[in-house]
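Dropping data03.csv in here (CSV, N, CA and C atoms):
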chain,number,residue,atom,x,y,z
A,11,MET,N,275.2,37.2,257.8
A,11,MET,CA,275.1,38.5,257.2
A,11,MET,C,275.7,39.6,258.1
A,12,ILE,N,276.3,40.6,257.4
A,12,ILE,CA,277.0,41.7,258.2
A,12,ILE,C,276.4,43.0,257.6
A,13,THR,N,276.1,43.9,258.5
A,13,THR,CA,275.6,45.2,258.1
A,13,THR,C,276.7,46.0,257.7
A,14,PRO,N,276.7,46.6,256.4
A,14,PRO,CA,277.8,47.4,255.9
A,14,PRO,C,277.9,48.7,256.6
A,15,ILE,N,279.1,49.3,256.7
A,15,ILE,CA,279.3,50.6,257.4
A,15,ILE,C,278.9,51.7,256.4
A,16,SER,N,279.5,51.7,255.2
A,16,SER,CA,279.2,52.7,254.3
A,16,SER,C,278.0,52.4,253.4
A,17,ARG,N,277.4,53.4,252.9
A,17,ARG,CA,276.2,53.2,252.0
A,17,ARG,C,276.5,54.0,250.7
A,18,SER,N,276.3,53.3,249.6
A,18,SER,CA,276.4,54.0,248.3
A,18,SER,C,275.1,53.7,247.5
A,19,ASN,N,275.0,54.3,246.4
A,19,ASN,CA,273.8,54.0,245.6
A,19,ASN,C,273.6,52.6,245.2
A,20,ASP,N,274.7,51.9,245.0
A,20,ASP,CA,274.7,50.5,244.6
A,20,ASP,C,274.7,49.5,245.9
A,21,ALA,N,274.8,50.1,247.1
A,21,ALA,CA,275.0,49.2,248.3
A,21,ALA,C,273.7,48.5,248.6
A,22,ILE,N,273.8,47.3,249.2
A,22,ILE,CA,272.6,46.6,249.6
A,22,ILE,C,272.6,46.7,251.2
A,23,GLY,N,271.5,46.4,251.8
A,23,GLY,CA,271.3,46.6,253.2
A,23,GLY,C,272.1,45.7,254.1
A,24,THR,N,272.4,44.5,253.6
A,24,THR,CA,273.3,43.6,254.4
A,24,THR,C,274.2,42.9,253.4
A,25,TRP,N,275.4,42.6,253.9
A,25,TRP,CA,276.4,41.9,253.1
A,25,TRP,C,276.0,40.4,253.0
A,26,LEU,N,276.1,39.9,251.8
A,26,LEU,CA,275.7,38.5,251.6
A,26,LEU,C,277.0,37.7,251.3
A,27,ILE,N,277.1,36.5,252.0
A,27,ILE,CA,278.3,35.7,251.9
A,27,ILE,C,277.9,34.3,251.4
A,28,ASP,N,278.4,33.9,250.2
A,28,ASP,CA,278.0,32.6,249.7
A,28,ASP,C,278.8,31.5,250.4
A,29,LEU,N,278.5,30.2,250.1
A,29,LEU,CA,279.2,29.1,250.7
A,29,LEU,C,280.7,29.0,250.4
A,30,ALA,N,281.1,29.6,249.4
A,30,ALA,CA,282.5,29.6,249.0
A,30,ALA,C,283.3,30.8,249.7
A,31,GLY,N,282.5,31.6,250.4
A,31,GLY,CA,283.2,32.8,251.1
A,31,GLY,C,283.2,34.0,250.3
A,32,ASN,N,282.6,34.1,249.1
A,32,ASN,CA,282.5,35.3,248.3
A,32,ASN,C,281.5,36.2,249.0
A,33,VAL,N,281.8,37.5,249.0
A,33,VAL,CA,281.0,38.5,249.7
A,33,VAL,C,280.4,39.5,248.7
A,34,ALA,N,279.2,39.8,248.8
A,34,ALA,CA,278.5,40.8,248.0
A,34,ALA,C,278.1,41.9,248.9
A,35,ILE,N,278.5,43.2,248.6
A,35,ILE,CA,278.1,44.3,249.4
A,35,ILE,C,277.4,45.4,248.5
A,36,SER,N,277.1,45.0,247.3
A,36,SER,CA,276.4,45.9,246.4
A,36,SER,C,275.6,45.1,245.4
A,37,LEU,N,274.7,45.7,244.7
A,37,LEU,CA,273.9,45.0,243.7
A,37,LEU,C,274.7,44.4,242.6
A,38,SER,N,275.8,45.1,242.2
A,38,SER,CA,276.6,44.6,241.2
A,38,SER,C,277.4,43.4,241.7
A,39,GLY,N,277.8,43.4,243.0
A,39,GLY,CA,278.5,42.3,243.6
A,39,GLY,C,277.5,41.1,243.7
A,40,LEU,N,276.3,41.4,244.0
A,40,LEU,CA,275.3,40.3,244.1
A,40,LEU,C,275.1,39.7,242.7
A,41,ALA,N,275.1,40.5,241.7
A,41,ALA,CA,275.0,39.9,240.3
A,41,ALA,C,276.2,39.1,240.0
A,42,LEU,N,277.4,39.5,240.4
A,42,LEU,CA,278.6,38.7,240.2
A,42,LEU,C,278.5,37.4,240.9
A,43,LEU,N,278.0,37.4,242.1
A,43,LEU,CA,277.9,36.1,242.8
A,43,LEU,C,277.0,35.1,242.0
A,44,GLY,N,275.9,35.7,241.5
A,44,GLY,CA,275.1,34.8,240.6
A,44,GLY,C,275.8,34.3,239.4
A,45,ARG,N,276.6,35.1,238.8
A,45,ARG,CA,277.4,34.7,237.6
A,45,ARG,C,278.4,33.7,238.0
A,46,ILE,N,279.1,33.8,239.1
A,46,ILE,CA,280.0,32.9,239.6
A,46,ILE,C,279.4,31.5,239.8
A,47,GLN,N,278.2,31.5,240.4
A,47,GLN,CA,277.5,30.3,240.7
A,47,GLN,C,277.1,29.6,239.4
A,48,ALA,N,276.7,30.4,238.4
A,48,ALA,CA,276.2,29.8,237.2
A,48,ALA,C,277.3,29.3,236.3
A,49,LEU,N,278.5,29.8,236.4
A,49,LEU,CA,279.6,29.3,235.5
A,49,LEU,C,280.3,28.1,236.1
A,50,ILE,N,280.2,27.0,235.5
A,50,ILE,CA,280.8,25.7,236.0
A,50,ILE,C,282.2,25.6,235.3
A,51,ILE,N,283.3,25.7,236.0
A,51,ILE,CA,284.6,25.7,235.5
A,51,ILE,C,285.2,24.3,235.8
A,52,PRO,N,285.6,23.6,234.8
A,52,PRO,CA,286.2,22.3,235.1
A,52,PRO,C,287.6,22.5,235.7
A,53,ALA,N,288.1,21.5,236.4
A,53,ALA,CA,289.5,21.5,236.9
A,53,ALA,C,290.3,21.1,235.7
A,54,PHE,N,290.9,22.1,235.1
A,54,PHE,CA,291.7,21.9,233.9
A,54,PHE,C,292.9,21.0,234.1
A,55,VAL,N,293.1,20.0,233.2
A,55,VAL,CA,294.3,19.2,233.3
A,55,VAL,C,295.3,19.4,232.2
A,56,SER,N,294.9,20.3,231.3
A,56,SER,CA,295.9,20.6,230.2
A,56,SER,C,295.5,22.0,229.6
A,57,THR,N,296.5,22.5,229.0
A,57,THR,CA,296.3,23.8,228.3
A,57,THR,C,295.3,23.6,227.1
A,58,GLU,N,295.4,22.5,226.5
A,58,GLU,CA,294.5,22.2,225.3
A,58,GLU,C,293.0,22.2,225.8
A,59,GLN,N,292.8,21.6,227.0
A,59,GLN,CA,291.4,21.5,227.5
A,59,GLN,C,291.0,22.9,227.9
A,60,ALA,N,291.8,23.7,228.5
A,60,ALA,CA,291.5,25.1,228.9
A,60,ALA,C,291.2,25.9,227.6
A,61,LEU,N,292.0,25.8,226.6
A,61,LEU,CA,291.8,26.6,225.4
A,61,LEU,C,290.5,26.2,224.7
A,62,ASP,N,290.2,24.9,224.6
A,62,ASP,CA,289.0,24.4,224.0
A,62,ASP,C,287.8,24.9,224.8
A,63,TRP,N,287.8,24.8,226.1
A,63,TRP,CA,286.7,25.2,226.9
A,63,TRP,C,286.5,26.7,226.8
A,64,GLY,N,287.5,27.5,226.9
A,64,GLY,CA,287.4,28.9,226.8
A,64,GLY,C,287.0,29.5,225.5
A,65,SER,N,287.2,28.7,224.4
A,65,SER,CA,286.8,29.2,223.1
A,65,SER,C,285.3,29.2,223.0
A,66,HIS,N,284.6,28.6,223.9
A,66,HIS,CA,283.1,28.5,223.8
A,66,HIS,C,282.4,29.5,224.7
A,67,LEU,N,283.1,30.4,225.4
A,67,LEU,CA,282.5,31.3,226.3
A,67,LEU,C,281.9,32.5,225.6
A,68,ASP,N,280.8,33.0,226.3
A,68,ASP,CA,280.3,34.3,225.8
A,68,ASP,C,280.9,35.4,226.6
A,69,LEU,N,280.6,36.7,226.3
A,69,LEU,CA,281.2,37.8,226.9
A,69,LEU,C,281.1,37.8,228.4
A,70,GLU,N,279.9,37.6,228.9
A,70,GLU,CA,279.6,37.6,230.4
A,70,GLU,C,280.4,36.4,231.0
A,71,GLN,N,280.4,35.3,230.4
A,71,GLN,CA,281.1,34.1,231.0
A,71,GLN,C,282.6,34.4,231.1
A,72,ARG,N,283.2,35.1,230.0
A,72,ARG,CA,284.6,35.4,230.0
A,72,ARG,C,284.9,36.4,231.1
A,73,ALA,N,284.0,37.4,231.3
A,73,ALA,CA,284.3,38.4,232.4
A,73,ALA,C,284.2,37.7,233.7
A,74,THR,N,283.3,36.8,233.9
A,74,THR,CA,283.2,36.1,235.2
A,74,THR,C,284.4,35.2,235.4
A,75,LEU,N,284.9,34.5,234.3
A,75,LEU,CA,286.1,33.7,234.4
A,75,LEU,C,287.3,34.5,234.8
A,76,LEU,N,287.4,35.7,234.3
A,76,LEU,CA,288.5,36.6,234.6
A,76,LEU,C,288.5,37.1,236.1
A,77,ASP,N,287.2,37.3,236.6
A,77,ASP,CA,287.1,37.7,238.0
A,77,ASP,C,287.5,36.5,238.9
A,78,ILE,N,287.1,35.3,238.5
A,78,ILE,CA,287.5,34.1,239.3
A,78,ILE,C,289.0,33.9,239.2
A,79,GLN,N,289.5,34.0,238.0
A,79,GLN,CA,291.0,33.8,237.8
A,79,GLN,C,291.8,34.8,238.7
A,80,ARG,N,291.4,36.1,238.8
A,80,ARG,CA,292.1,37.0,239.6
A,80,ARG,C,292.0,36.6,241.1
A,81,SER,N,290.9,36.1,241.5
A,81,SER,CA,290.8,35.6,242.9
A,81,SER,C,291.7,34.4,243.2
A,82,VAL,N,291.7,33.5,242.2
A,82,VAL,CA,292.6,32.3,242.4
A,82,VAL,C,294.0,32.7,242.4
A,83,SER,N,294.4,33.7,241.5
A,83,SER,CA,295.8,34.2,241.5
A,83,SER,C,296.1,34.9,242.8
A,84,ASN,N,295.2,35.7,243.4
A,84,ASN,CA,295.5,36.3,244.7
A,84,ASN,C,295.6,35.3,245.8
A,85,ALA,N,294.8,34.2,245.7
A,85,ALA,CA,294.9,33.2,246.7
A,85,ALA,C,296.2,32.4,246.6
A,86,ALA,N,296.7,32.2,245.4
A,86,ALA,CA,298.0,31.6,245.2
A,86,ALA,C,299.1,32.4,245.8
A,87,TYR,N,299.0,33.7,245.6
A,87,TYR,CA,300.1,34.6,246.1
A,87,TYR,C,300.1,34.6,247.6
A,88,ALA,N,298.9,34.5,248.2
A,88,ALA,CA,298.9,34.6,249.7
A,88,ALA,C,299.1,33.2,250.4
A,89,GLU,N,299.1,32.1,249.6
A,89,GLU,CA,299.2,30.8,250.2
A,89,GLU,C,300.6,30.5,250.7
A,90,ALA,N,300.6,30.0,252.0
A,90,ALA,CA,301.9,29.7,252.6
A,90,ALA,C,302.5,28.3,252.2
A,91,ASN,N,301.6,27.4,252.0
A,91,ASN,CA,301.9,26.0,251.7
A,91,ASN,C,302.4,26.0,250.2
A,92,LEU,N,303.6,25.6,250.0
A,92,LEU,CA,304.2,25.6,248.6
A,92,LEU,C,303.4,24.8,247.6
A,93,GLN,N,303.0,23.6,248.0
A,93,GLN,CA,302.2,22.8,247.0
A,93,GLN,C,300.9,23.4,246.7
A,94,HIS,N,300.2,23.9,247.7
A,94,HIS,CA,298.9,24.6,247.5
A,94,HIS,C,299.1,25.8,246.6
A,95,ARG,N,300.2,26.5,246.8
A,95,ARG,CA,300.5,27.7,246.0
A,95,ARG,C,300.7,27.3,244.6
A,96,VAL,N,301.4,26.3,244.3
A,96,VAL,CA,301.7,25.8,242.9
A,96,VAL,C,300.4,25.3,242.3
A,97,ASN,N,299.5,24.6,243.0
A,97,ASN,CA,298.3,24.1,242.5
A,97,ASN,C,297.4,25.3,242.1
A,98,LEU,N,297.2,26.3,243.0
A,98,LEU,CA,296.4,27.4,242.7
A,98,LEU,C,297.0,28.2,241.5
A,99,ALA,N,298.3,28.4,241.5
A,99,ALA,CA,298.9,29.2,240.4
A,99,ALA,C,298.7,28.5,239.1
A,100,THR,N,298.8,27.2,239.1
A,100,THR,CA,298.6,26.4,237.9
A,100,THR,C,297.1,26.6,237.4
A,101,GLN,N,296.2,26.4,238.3
A,101,GLN,CA,294.8,26.6,237.9
A,101,GLN,C,294.5,28.0,237.4
A,102,SER,N,295.1,29.0,238.1
A,102,SER,CA,295.0,30.4,237.7
A,102,SER,C,295.5,30.6,236.2
A,103,GLN,N,296.6,30.0,236.0
A,103,GLN,CA,297.2,30.2,234.6
A,103,GLN,C,296.4,29.5,233.6
A,104,LEU,N,295.8,28.3,233.9
A,104,LEU,CA,295.0,27.6,232.9
A,104,LEU,C,293.7,28.4,232.7
A,105,MET,N,293.1,29.1,233.8
A,105,MET,CA,291.9,29.9,233.6
A,105,MET,C,292.3,31.1,232.7
A,106,ARG,N,293.4,31.7,232.9
A,106,ARG,CA,293.8,32.8,232.1
A,106,ARG,C,293.9,32.4,230.6
A,107,GLU,N,294.5,31.2,230.4
A,107,GLU,CA,294.6,30.7,229.0
A,107,GLU,C,293.2,30.5,228.4
A,108,ALA,N,292.3,29.9,229.2
A,108,ALA,CA,290.9,29.7,228.8
A,108,ALA,C,290.3,31.0,228.4
A,109,ALA,N,290.5,32.1,229.2
A,109,ALA,CA,289.9,33.4,228.9
A,109,ALA,C,290.5,34.0,227.6
A,110,GLU,N,291.8,33.7,227.4
A,110,GLU,CA,292.4,34.3,226.2
A,110,GLU,C,292.0,33.5,224.9
A,111,ALA,N,291.4,32.3,225.1
A,111,ALA,CA,290.9,31.6,223.9
A,111,ALA,C,289.6,32.1,223.4
A,112,PHE,N,289.0,33.0,224.2
A,112,PHE,CA,287.7,33.5,223.8
A,112,PHE,C,287.8,34.2,222.5
A,113,HIS,N,286.8,33.9,221.6
A,113,HIS,CA,286.8,34.5,220.3
A,113,HIS,C,285.6,35.5,220.2
A,114,GLU,N,285.8,36.6,219.5
A,114,GLU,CA,284.7,37.6,219.4
A,114,GLU,C,284.6,37.9,217.9
A,115,ASN,N,283.4,37.9,217.4
A,115,ASN,CA,283.2,38.3,216.0
A,115,ASN,C,283.1,39.8,215.8
A,116,SER,N,283.0,40.3,214.6
A,116,SER,CA,283.0,41.7,214.3
A,116,SER,C,281.9,42.5,215.0
A,117,SER,N,280.8,41.8,215.3
A,117,SER,CA,279.6,42.5,215.9
A,117,SER,C,279.8,42.6,217.4
A,118,GLY,N,280.9,42.0,218.0
A,118,GLY,CA,281.1,42.1,219.4
A,118,GLY,C,280.5,41.0,220.2
A,119,THR,N,280.0,40.0,219.5
A,119,THR,CA,279.4,38.8,220.3
A,119,THR,C,280.3,37.6,220.0
A,120,SER,N,280.3,36.7,220.9
A,120,SER,CA,281.0,35.4,220.7
A,120,SER,C,280.1,34.5,219.9
A,121,PHE,N,280.8,33.6,219.2
A,121,PHE,CA,280.0,32.7,218.3
A,121,PHE,C,279.8,31.3,218.8
A,122,PRO,N,280.7,30.6,219.5
A,122,PRO,CA,280.4,29.2,219.9
A,122,PRO,C,279.4,29.2,221.2
A,123,MET,N,278.8,28.1,221.4
A,123,MET,CA,277.9,28.0,222.6
A,123,MET,C,278.7,27.5,223.8
A,124,PRO,N,278.2,27.9,225.0
A,124,PRO,CA,278.9,27.5,226.3
A,124,PRO,C,279.0,26.0,226.4
A,125,VAL,N,280.1,25.6,227.0
A,125,VAL,CA,280.4,24.2,227.2
A,125,VAL,C,280.7,24.0,228.7
A,126,HIS,N,280.2,23.0,229.3
A,126,HIS,CA,280.4,22.7,230.8
A,126,HIS,C,280.9,21.3,231.0
A,127,ALA,N,281.6,21.1,232.1
A,127,ALA,CA,282.1,19.8,232.3
A,127,ALA,C,281.1,19.0,233.1
A,128,ASN,N,281.0,17.7,232.8
A,128,ASN,CA,280.2,16.8,233.6
A,128,ASN,C,281.1,16.4,234.8
A,129,PRO,N,280.6,15.6,235.8
A,129,PRO,CA,281.4,15.2,237.0
A,129,PRO,C,282.6,14.4,236.6
A,130,HIS,N,282.7,13.9,235.4
A,130,HIS,CA,283.9,13.1,235.1
A,130,HIS,C,284.9,13.9,234.3
A,131,GLY,N,284.7,15.2,234.2
A,131,GLY,CA,285.7,16.1,233.6
A,131,GLY,C,285.6,16.1,232.1
A,132,LYS,N,284.6,15.5,231.4
A,132,LYS,CA,284.5,15.5,230.0
A,132,LYS,C,283.6,16.7,229.6
A,133,LEU,N,284.0,17.4,228.5
A,133,LEU,CA,283.3,18.6,228.1
A,133,LEU,C,282.1,18.2,227.2
A,134,HIS,N,281.0,18.9,227.4
A,134,HIS,CA,279.8,18.7,226.6
A,134,HIS,C,279.0,20.0,226.6
A,135,SER,N,278.2,20.2,225.5
A,135,SER,CA,277.4,21.4,225.4
A,135,SER,C,276.2,21.3,226.3
A,136,ARG,N,275.6,22.4,226.7
A,136,ARG,CA,274.5,22.4,227.6
A,136,ARG,C,273.2,22.0,226.9
A,137,ASN,N,273.2,21.9,225.6
A,137,ASN,CA,271.9,21.5,224.9
A,137,ASN,C,271.8,20.0,224.8

I'd like the structure from this file rewritten - as structure tokens, please.
Amino acid sequence: MITPISRSNDAIGTWLIDLAGNVAISLSGLALLGRIQALIIPAFVSTEQALDWGSHLDLEQRATLLDIQRSVSNAAYAEANLQHRVNLATQSQLMREAAEAFHENSSGTSFPMPVHANPHGKLHSRN
């Protein structure tokens, strides 16, 4: 934990870093870390899989997926190893496609239920 230099209304007393290296310096950042940990994203192997999985997200899951996708995209941009860059960029693109598959009804809520991958990469609902 690191003590933050600046303090704002949303700031927390110490910075929290999760095992993946994500840092929370505010209450909203801490909530985002919780959402990141709760969203299980499969390693997409096709556009079809990404679209199917993404079509079952709710609003909060879609927002979390977009936050993760931006981080993966930034990591790809900064990666020096060409193969790692391509792998990260591919996963980022598939995450973006999953987020674009999100469907919203007229009341502003999504209608399908969340889907998660099991360790073998097969999709199933949480119920």

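Proximity ranking of A:Leu67, A:Leu49, A:Ile27, A:Ala21 relative to His113 (chain A) places A:Leu67 first, based on only N, CA and C atoms.
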
(message) I need the residues of region 22-136 of chain A that end up classed as strand (DSSP E or B) by DSSP on the backbone, written out as a PyMOL selection string.
(response) chain A and resi 22-27+33-36+125-127+133-135

Grab the residues selected above and save them as a compact mmCIF listing (two decimals), in the coordinates of the input with N, CA and C atoms.
# COMPACT_ATOMS: atom_id res chain seq x y z
N ILE A 22 273.80 47.30 249.20
CA ILE A 22 272.60 46.60 249.60
C ILE A 22 272.60 46.70 251.20
N GLY A 23 271.50 46.40 251.80
CA GLY A 23 271.30 46.60 253.20
C GLY A 23 272.10 45.70 254.10
N THR A 24 272.40 44.50 253.60
CA THR A 24 273.30 43.60 254.40
C THR A 24 274.20 42.90 253.40
N TRP A 25 275.40 42.60 253.90
CA TRP A 25 276.40 41.90 253.10
C TRP A 25 276.00 40.40 253.00
N LEU A 26 276.10 39.90 251.80
CA LEU A 26 275.70 38.50 251.60
C LEU A 26 277.00 37.70 251.30
N ILE A 27 277.10 36.50 252.00
CA ILE A 27 278.30 35.70 251.90
C ILE A 27 277.90 34.30 251.40
N VAL A 33 281.80 37.50 249.00
CA VAL A 33 281.00 38.50 249.70
C VAL A 33 280.40 39.50 248.70
N ALA A 34 279.20 39.80 248.80
CA ALA A 34 278.50 40.80 248.00
C ALA A 34 278.10 41.90 248.90
N ILE A 35 278.50 43.20 248.60
CA ILE A 35 278.10 44.30 249.40
C ILE A 35 277.40 45.40 248.50
N SER A 36 277.10 45.00 247.30
CA SER A 36 276.40 45.90 246.40
C SER A 36 275.60 45.10 245.40
N VAL A 125 280.10 25.60 227.00
CA VAL A 125 280.40 24.20 227.20
C VAL A 125 280.70 24.00 228.70
N HIS A 126 280.20 23.00 229.30
CA HIS A 126 280.40 22.70 230.80
C HIS A 126 280.90 21.30 231.00
N ALA A 127 281.60 21.10 232.10
CA ALA A 127 282.10 19.80 232.30
C ALA A 127 281.10 19.00 233.10
N LEU A 133 284.00 17.40 228.50
CA LEU A 133 283.30 18.60 228.10
C LEU A 133 282.10 18.20 227.20
N HIS A 134 281.00 18.90 227.40
CA HIS A 134 279.80 18.70 226.60
C HIS A 134 279.00 20.00 226.60
N SER A 135 278.20 20.20 225.50
CA SER A 135 277.40 21.40 225.40
C SER A 135 276.20 21.30 226.30

(request) Just list the residues in region 19-57 of chain A DSSP gives alpha helix (DSSP H) on the backbone, as JSON, numbers by chain. (result) {"A": [37, 38, 39, 40, 41, 42, 43, 44, 45, 46, 47, 48, 57]}

(request) Show which residues sit within 8 Å of Gln79 (chain A), as a PyMOL selection string. Count all atoms listed in the file, and ignore same-chain residues fewer than 6 positions away. (result) chain A and resi 73+85+101-106

(request) Could you give me, as a PyMOL selection string, the residues within 7 Å of Ile35 (chain A), counting only C-alpha atoms and dropping anything in the same chain fewer than 2 positions from it? (result) chain A and resi 21-22+24-26+33+39

(request) Between A:Ile51, A:Leu61, A:Leu29, A:Ala86, single out the one closest to Ala109 (chain A), counting only N, CA and C atoms. (result)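 Closest to Ala109 (chain A), using only N, CA and C atoms: A:Leu61.
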
(message) From the options A:Gly23, A:Pro52, A:Gly64, A:Gly44, which residue's atoms come nearest to Ala108 (chain A), counting all atoms listed in the file?
(response)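 Looking only at the distances to Ala108 (chain A), the closest residue turns out to be A:Gly64.
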
(message) I'd like the interatomic distance between atom C of Ala99 (chain A) and atom N of Tyr87 (chain A), to a tenth of an Å.
(response) 8.3 Å

(message) Using Å and a single decimal, report how far CA of Glu70 (chain A) sits from CA of Glu107 (chain A).
(response)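 Computing the Euclidean distance for CA of Glu107 (chain A) and CA of Glu70 (chain A) yields 16.6 Å.
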
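Shortest atom-to-atom contact with Gln71 (chain A) among A:Ala34, A:Leu98, A:Ile46, A:Ala41: A:Ile46, counting only C-alpha atoms.
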
(request) For atom C of Phe112 (chain A) and atom C of Ser65 (chain A), determine how far apart the two atoms are, in Å to one decimal place. (result)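 It comes out at 5.6 Å.
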
(message) Measuring between only C-alpha atoms, which one of A:Asp62, A:Asp20, A:Glu110, A:Asp28 shows the shortest distance to Leu75 (chain A)?
(response) A:Glu110
